[in-house]
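Raw input33.cif, mmCIF, C-alpha atoms:
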```cif
data_upload
loop_
_atom_site.label_atom_id
_atom_site.label_comp_id
_atom_site.auth_asym_id
_atom_site.auth_seq_id
_atom_site.Cartn_x
_atom_site.Cartn_y
_atom_site.Cartn_z
CA MET A 1 -18.53 10.42 -18.25
CA ILE A 2 -20.04 10.66 -14.79
CA ILE A 3 -16.68 10.53 -12.96
CA LEU A 4 -15.56 13.67 -14.79
CA ASP A 5 -18.49 15.57 -13.25
CA TYR A 6 -16.62 15.34 -9.93
CA TRP A 7 -13.09 15.86 -11.24
CA TRP A 8 -12.20 18.85 -9.05
CA GLN A 9 -13.53 17.29 -5.82
CA LEU A 10 -11.57 14.12 -6.57
CA LEU A 11 -8.42 16.09 -7.36
CA VAL A 12 -8.54 18.48 -4.40
CA GLY A 13 -9.27 15.65 -1.97
CA GLY A 14 -6.57 13.54 -3.59
CA LEU A 15 -3.97 16.28 -3.09
CA VAL A 16 -4.94 16.62 0.58
CA VAL A 17 -4.59 12.85 0.99
CA TYR A 18 -1.22 12.86 -0.79
CA PHE A 19 0.27 15.52 1.48
CA LEU A 20 -1.14 14.01 4.68
CA CYS A 21 0.36 10.66 3.70
CA ASN A 22 3.78 12.31 3.34
CA ILE A 23 4.00 11.73 7.10
CA ASN A 24 6.35 8.78 7.58
CA TYR A 25 5.67 6.84 10.75
CA ALA A 26 8.86 4.77 10.54
CA VAL A 27 10.89 7.97 10.78
CA LEU A 28 8.75 9.35 13.62
CA ILE A 29 8.79 6.10 15.60
CA SER A 30 12.51 5.47 15.17
CA LYS A 31 13.40 9.01 16.20
CA GLY A 32 10.83 9.22 18.98
CA PHE A 33 11.35 5.82 20.63
CA LYS A 34 14.81 4.68 19.58
CA LYS A 35 16.49 8.09 19.14
CA GLN A 36 17.76 6.95 15.75
CA ASP A 37 16.69 7.70 12.19
CA ILE A 38 15.55 4.53 10.41
CA ARG A 39 16.93 6.00 7.20
CA GLU A 40 20.41 5.59 8.69
CA CYS A 41 19.82 2.00 9.77
CA GLY A 42 19.81 -1.29 7.87
CA SER A 43 18.70 -0.85 4.27
CA GLY A 44 17.85 2.79 4.91
CA ASN A 45 14.26 2.32 3.79
CA PRO A 46 11.72 3.99 6.11
CA GLY A 47 9.27 1.11 6.09
CA THR A 48 7.99 -1.94 7.94
CA THR A 49 10.64 -4.48 6.93
CA ASN A 50 13.59 -2.29 7.85
CA MET A 51 11.93 -1.36 11.15
CA LEU A 52 11.40 -5.07 11.82
CA ARG A 53 15.04 -5.91 11.12
CA SER A 54 16.51 -2.85 12.84
CA PHE A 55 14.34 -2.47 15.95
CA GLY A 56 12.38 -5.68 16.36
CA PHE A 57 8.94 -7.16 15.94
CA LYS A 58 7.04 -4.61 18.06
CA TYR A 59 8.21 -1.58 16.11
CA GLY A 60 7.83 -3.35 12.79
CA VAL A 61 4.19 -4.25 13.53
CA LEU A 62 3.43 -0.73 14.80
CA THR A 63 4.86 0.78 11.61
CA PHE A 64 2.91 -1.65 9.44
CA PHE A 65 -0.34 -0.87 11.26
CA LEU A 66 0.07 2.91 10.99
CA ASP A 67 1.11 2.76 7.32
CA ALA A 68 -1.86 0.52 6.53
CA LEU A 69 -4.10 2.98 8.37
CA LYS A 70 -3.04 5.67 5.89
CA GLY A 71 -4.52 3.73 3.00
CA LEU A 72 -7.57 2.55 4.93
CA ILE A 73 -8.61 6.00 6.15
CA SER A 74 -7.94 7.60 2.76
CA ALA A 75 -9.99 5.09 0.78
CA LEU A 76 -12.78 5.12 3.38
CA ALA A 77 -12.85 8.91 3.35
CA GLY A 78 -13.28 8.82 -0.43
CA LEU A 79 -16.27 6.51 -0.17
CA LEU A 80 -17.96 8.32 2.71
CA ILE A 81 -17.37 11.91 1.59
CA PHE A 82 -18.73 11.30 -1.88
CA GLN A 83 -21.70 9.46 -0.42
CA ALA A 84 -22.31 12.49 1.80
CA ILE A 85 -22.39 14.90 -1.15
CA GLY A 86 -24.86 12.66 -2.97
CA ALA A 87 -22.59 11.22 -5.65
CA GLU A 88 -23.63 8.09 -7.52
CA GLU A 89 -22.40 4.74 -6.20
CA LEU A 90 -19.97 4.36 -9.10
CA VAL A 91 -18.33 7.71 -8.28
CA CYS A 92 -18.10 6.82 -4.59
CA LYS A 93 -16.40 3.54 -5.47
CA PHE A 94 -13.93 5.29 -7.76
CA ALA A 95 -13.19 7.90 -5.06
CA GLY A 96 -12.17 5.07 -2.73
CA TYR A 97 -9.78 3.67 -5.32
CA PHE A 98 -8.45 7.08 -6.35
CA TRP A 99 -7.81 8.45 -2.86
CA GLY A 100 -6.26 5.11 -1.92
CA MET A 101 -3.88 5.59 -4.84
CA CYS A 102 -3.07 9.11 -3.65
CA ALA A 103 -2.24 7.72 -0.20
CA ILE A 104 0.14 5.18 -1.73
CA LEU A 105 1.85 7.83 -3.84
CA GLY A 106 2.12 10.13 -0.82
CA HIS A 107 3.75 7.36 1.19
CA VAL A 108 6.17 6.17 -1.50
CA TYR A 109 7.02 9.57 -3.00
CA PRO A 110 6.63 12.16 -0.20
CA LEU A 111 7.43 15.68 -1.32
CA PHE A 112 8.46 16.66 2.21
CA LEU A 113 11.01 13.82 2.37
CA LYS A 114 12.52 14.53 -1.06
CA PHE A 115 10.37 11.79 -2.63
CA LYS A 116 12.12 9.08 -0.61
CA GLY A 117 9.46 7.18 1.33
CA GLY A 118 8.47 3.60 2.06
CA LYS A 119 7.55 0.96 -0.50
CA GLY A 120 3.77 1.27 -0.24
CA PHE A 121 2.94 -2.33 0.65
CA ALA A 122 1.18 -1.71 3.96
CA THR A 123 -0.62 1.36 2.62
CA THR A 124 -1.86 -0.69 -0.33
CA ILE A 125 -3.24 -3.32 2.03
CA GLY A 126 -5.13 -0.68 4.00
CA ALA A 127 -6.66 0.94 0.92
CA PHE A 128 -7.80 -2.31 -0.67
CA LEU A 129 -9.30 -3.64 2.55
CA VAL A 130 -11.83 -0.84 2.05
CA VAL A 131 -12.53 -1.11 -1.69
CA ASN A 132 -12.29 -4.90 -2.06
CA PHE A 133 -12.28 -6.51 1.37
CA MET A 134 -12.89 -10.18 0.60
CA TRP A 135 -10.21 -10.70 -2.06
CA THR A 136 -7.74 -8.49 -0.22
CA ALA A 137 -8.16 -10.64 2.89
CA ILE A 138 -7.70 -13.81 0.82
CA PHE A 139 -4.51 -12.48 -0.78
CA ILE A 140 -3.18 -11.43 2.64
CA VAL A 141 -3.61 -15.00 3.92
CA VAL A 142 -1.91 -16.48 0.85
CA GLY A 143 0.86 -13.87 1.10
CA LEU A 144 1.46 -14.69 4.76
CA ILE A 145 1.82 -18.35 3.85
CA LEU A 146 4.41 -17.39 1.22
CA LEU A 147 6.17 -15.22 3.81
CA PHE A 148 6.46 -18.04 6.32
CA ILE A 149 7.65 -20.46 3.63
CA TRP A 150 10.36 -18.27 2.09
CA ASP A 151 10.78 -15.50 4.69
CA TYR A 152 10.90 -12.79 2.01
CA MET A 153 8.63 -9.79 2.57
CA SER A 154 9.25 -8.75 -1.03
CA VAL A 155 7.69 -11.99 -2.32
CA PHE A 156 4.60 -11.26 -0.24
CA ALA A 157 4.43 -7.69 -1.54
CA LEU A 158 4.97 -8.58 -5.22
CA PHE A 159 2.45 -11.41 -5.12
CA PHE A 160 -0.09 -9.24 -3.32
CA ALA A 161 0.20 -6.25 -5.68
CA THR A 162 0.01 -8.39 -8.82
CA ALA A 163 -2.87 -10.54 -7.58
CA LEU A 164 -4.83 -7.40 -6.66
CA LEU A 165 -4.23 -5.87 -10.08
CA VAL A 166 -5.46 -8.93 -11.98
CA GLN A 167 -8.43 -9.72 -9.73
CA ASN A 168 -9.70 -6.13 -9.54
CA ILE A 169 -9.49 -5.60 -13.30
CA ILE A 170 -11.39 -8.85 -13.95
CA THR A 171 -14.07 -7.96 -11.39
CA LEU A 172 -14.51 -4.38 -12.58
CA ALA A 173 -14.52 -5.41 -16.26
CA THR A 174 -17.43 -7.75 -15.56
CA THR A 175 -19.42 -5.15 -13.60
CA ASP A 176 -22.14 -3.85 -15.91
CA ALA A 177 -22.60 -0.51 -14.11
CA ILE A 178 -18.93 0.34 -14.64
CA THR A 179 -18.55 -0.86 -18.23
CA GLN A 180 -21.83 0.66 -19.40
CA ALA A 181 -20.87 4.02 -17.91
CA GLY A 182 -17.55 3.90 -19.75
CA ALA A 183 -15.74 4.20 -16.43
CA LEU A 184 -13.57 1.08 -16.62
CA VAL A 185 -10.60 2.97 -18.05
CA PHE A 186 -10.48 5.27 -14.98
CA PHE A 187 -10.35 2.30 -12.59
CA VAL A 188 -7.76 0.47 -14.68
CA VAL A 189 -5.48 3.52 -14.80
CA VAL A 190 -5.61 3.84 -11.01
CA LEU A 191 -4.98 0.11 -10.53
CA VAL A 192 -2.02 0.11 -12.91
CA ILE A 193 -0.50 3.17 -11.20
CA ASN A 194 -0.89 1.43 -7.83
CA TRP A 195 0.73 -1.75 -9.14
CA PHE A 196 3.59 0.03 -10.89
CA THR A 197 4.31 2.21 -7.85
CA VAL A 198 4.68 -0.82 -5.56
CA ILE A 199 6.63 -2.88 -8.12
CA PHE A 200 9.00 -0.02 -8.94
CA ALA A 201 9.58 0.66 -5.25
CA HIS A 202 10.62 -3.01 -4.92
CA ARG A 203 12.90 -2.99 -7.98
CA GLY A 204 15.99 -3.53 -5.82
CA ASN A 205 14.32 -6.49 -4.12
CA ILE A 206 13.38 -7.97 -7.50
CA LYS A 207 16.99 -7.78 -8.68
CA ARG A 208 18.21 -9.46 -5.49
CA LEU A 209 15.58 -12.20 -5.78
CA PHE A 210 16.79 -13.04 -9.28
CA LYS A 211 20.40 -13.01 -8.08
CA GLY A 212 19.49 -15.17 -5.08
CA CYS A 213 20.78 -12.66 -2.54
CA GLU A 214 17.57 -11.08 -1.25
CA ASN A 215 17.53 -10.32 2.48
CA LYS A 216 15.20 -12.41 4.62
CA THR A 217 12.88 -10.68 7.08
CA GLY A 218 13.99 -12.86 9.96
CA ILE A 219 10.38 -13.24 11.04
CA ARG A 220 10.67 -17.02 11.47
CA LYS A 221 13.57 -16.53 13.88
CA ILE A 222 11.49 -14.03 15.84
CA PHE A 223 8.64 -16.50 16.26
CA LYS A 224 11.02 -19.33 17.18
CA LYS A 225 12.44 -17.13 19.95
CA LYS A 226 8.91 -16.36 21.17
CA GLU A 227 8.10 -20.09 21.30
CA LYS A 228 11.13 -20.71 23.51
#
```

Show the structure stored in the file as structure tokens.
Amino acid sequence: MIILDYWWQLLVGGLVVYFLCNINYAVLISKGFKKQDIRECGSGNPGTTNMLRSFGFKYGVLTFFLDALKGLISALAGLLIFQAIGAEELVCKFAGYFWGMCAILGHVYPLFLKFKGGKGFATTIGAFLVVNFMWTAIFIVVGLILLFIWDYMSVFALFFATALLVQNIITLATTDAITQAGALVFFVVVLVINWFTVIFAHRGNIKRLFKGCENKTGIRKIFKKKEK
């Protein structure tokens, strides 16, 4: 299989991406600007939602943007670097997906933070804006609507991750170049790992949703205050 011809370049680059994405911006921002560790505030999760609840809209948005940038730069680097070394289009596409996955894993399970990172939602958005822009943008819009209706970031994240999984598998399975090259299994494995990583990171949220005690983001209150 053609992807296996580039296995070591994919792996080495993926490891670099993983370790670079161990950097947690929520921790850096909270310590640098608020002189507190986000891991000791609110839910203790070093991610966008806890930053939003603990320190306000500005710091939540900044964290989201920087976390999304992790996935975006990683996936884009995969595409561009493999194009630069003359790899086939299929390999370049897979590199974008694979390095995006490595970014998500690095964010959610950072070795340097004892494998206790964020939940991978923003990083997933960044990565998939590169590899599948149109549908990612559509799912973001739908997810935002769900967020403003129910005010649960977890609903947005779970919908987004699942919709991406289904849509990408359908699209890739109907792409002749991928199926004929026998490469579909590689893409599906990466997509399933992405999906499972995000879903598992939100397992506590899922339990609370079923129990009816999930925490709201408070984003509607923030916008109401801004309107006043």

Report as JSON lines the residues of range 49-119 of chain A within 12 Å of range 154-162 of chain A, each with its shortest atom pair and distance in Å (one decimal), using all atoms listed in the file, ordered by chain and increasing residue number.
```
{"residue": "A:Thr49", "atom": "CA", "partner": "A:Ser154", "partner_atom": "CA", "distance": 9.1}
{"residue": "A:Asn50", "atom": "CA", "partner": "A:Ser154", "partner_atom": "CA", "distance": 11.8}
{"residue": "A:Lys119", "atom": "CA", "partner": "A:Ala157", "partner_atom": "CA", "distance": 9.3}
```

Next on the checklist: Can you pull out the residues contacting Trp135 in chain A? Cut-off 12 Å, using only C-alpha atoms, and skip same-chain residues under 4 positions away; I want them as a list of chain:residue names.
Outcome noted: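 So the residues in contact are A:Ile125, A:Phe128, A:Leu129, A:Val130, A:Val131, A:Phe139, A:Ile140, A:Val141, A:Val142, A:Gly143, A:Phe160, A:Ala161, A:Ala163, A:Leu164, A:Leu165, A:Val166, A:Gln167, A:Asn168, A:Thr171.
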
Checklist entry - Could you name the residues that touch Cys92 in chain A at 8 Å or less, counting only C-alpha atoms, but leaving out those on the same chain fewer than 3 positions away, as a PyMOL selection string? => result chain A and resi 78-80+82-83+87-89+95-96

Residue members of the PyMOL selection byres ((chain A and resi 51) around 9) in the file shown, as a PDB file with C-alpha atoms, in the coordinates of the input:
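Everything below was put into out.pdb:
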```
ATOM      1  CA  ALA A  26       8.860   4.770  10.540  1.00  0.00           C
ATOM      2  CA  SER A  30      12.510   5.470  15.170  1.00  0.00           C
ATOM      3  CA  ILE A  38      15.550   4.530  10.410  1.00  0.00           C
ATOM      4  CA  CYS A  41      19.820   2.000   9.770  1.00  0.00           C
ATOM      5  CA  GLY A  42      19.810  -1.290   7.870  1.00  0.00           C
ATOM      6  CA  ASN A  45      14.260   2.320   3.790  1.00  0.00           C
ATOM      7  CA  PRO A  46      11.720   3.990   6.110  1.00  0.00           C
ATOM      8  CA  GLY A  47       9.270   1.110   6.090  1.00  0.00           C
ATOM      9  CA  THR A  48       7.990  -1.940   7.940  1.00  0.00           C
ATOM     10  CA  THR A  49      10.640  -4.480   6.930  1.00  0.00           C
ATOM     11  CA  ASN A  50      13.590  -2.290   7.850  1.00  0.00           C
ATOM     12  CA  LEU A  52      11.400  -5.070  11.820  1.00  0.00           C
ATOM     13  CA  ARG A  53      15.040  -5.910  11.120  1.00  0.00           C
ATOM     14  CA  SER A  54      16.510  -2.850  12.840  1.00  0.00           C
ATOM     15  CA  PHE A  55      14.340  -2.470  15.950  1.00  0.00           C
ATOM     16  CA  GLY A  56      12.380  -5.680  16.360  1.00  0.00           C
ATOM     17  CA  PHE A  57       8.940  -7.160  15.940  1.00  0.00           C
ATOM     18  CA  TYR A  59       8.210  -1.580  16.110  1.00  0.00           C
ATOM     19  CA  GLY A  60       7.830  -3.350  12.790  1.00  0.00           C
ATOM     20  CA  VAL A  61       4.190  -4.250  13.530  1.00  0.00           C
ATOM     21  CA  THR A  63       4.860   0.780  11.610  1.00  0.00           C
TER      22      THR A  63
END
```

Item to check | Test item: the PyMOL selection byres ((chain A and resi 101) around 10) resolved as JSON, numbers by chain | outcome: {"A": [14, 17, 18, 71, 74, 75, 95, 96, 97, 98, 99, 100, 102, 103, 104, 105, 106, 107, 120, 123, 124, 127, 128, 190, 191, 192, 193, 194, 195, 197]}

Item to check | Expected selection from the PyMOL selection byres ((chain A and resi 25) around 8), given as a PyMOL selection string | outcome: chain A and resi 23-24+26-29+63+66-67

Checklist entry - Could you state the separation of CA of Ala173 in chain A and CA of Phe94 in chain A in Å, given to one decimal place? => result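 Between CA of Ala173 in chain A and CA of Phe94 in chain A the gap is 13.7 Å.
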
Checklist entry - In Å to one decimal, how far is CA of Gln180 in chain A from CA of Met1 in chain A? => result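 Rounded to one decimal, the two atoms are 10.4 Å apart.
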
Checklist entry - Looking at all atoms listed in the file, which of A:Phe19, A:Phe64, A:Phe133, A:Phe187 is the one that sits closest to Leu113 in chain A? => result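 Among A:Phe19, A:Phe64, A:Phe133, A:Phe187, it is A:Phe19 that comes nearest to Leu113 in chain A.
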
Item to check | Atom pair CA of Ile2 in chain A / CA of Gly182 in chain A: separation (Å) | outcome: 8.7 Å

Next on the checklist: Calculated over all atoms listed in the file, which of the candidates A:Lys216, A:Arg208, A:Lys70, A:Lys58 has the smallest distance to Leu20 in chain A?
Outcome noted: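 Using all atoms listed in the file, the shortest distance to Leu20 in chain A belongs to A:Lys70.
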
Item to check | Given only C-alpha atoms as the counted atoms, nearest of A:Phe121, A:Leu111, A:Thr217, A:Val16 to Leu147 in chain A | outcome: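 Ranking A:Phe121, A:Leu111, A:Thr217, A:Val16 by distance to Leu147 in chain A, first place goes to A:Thr217.
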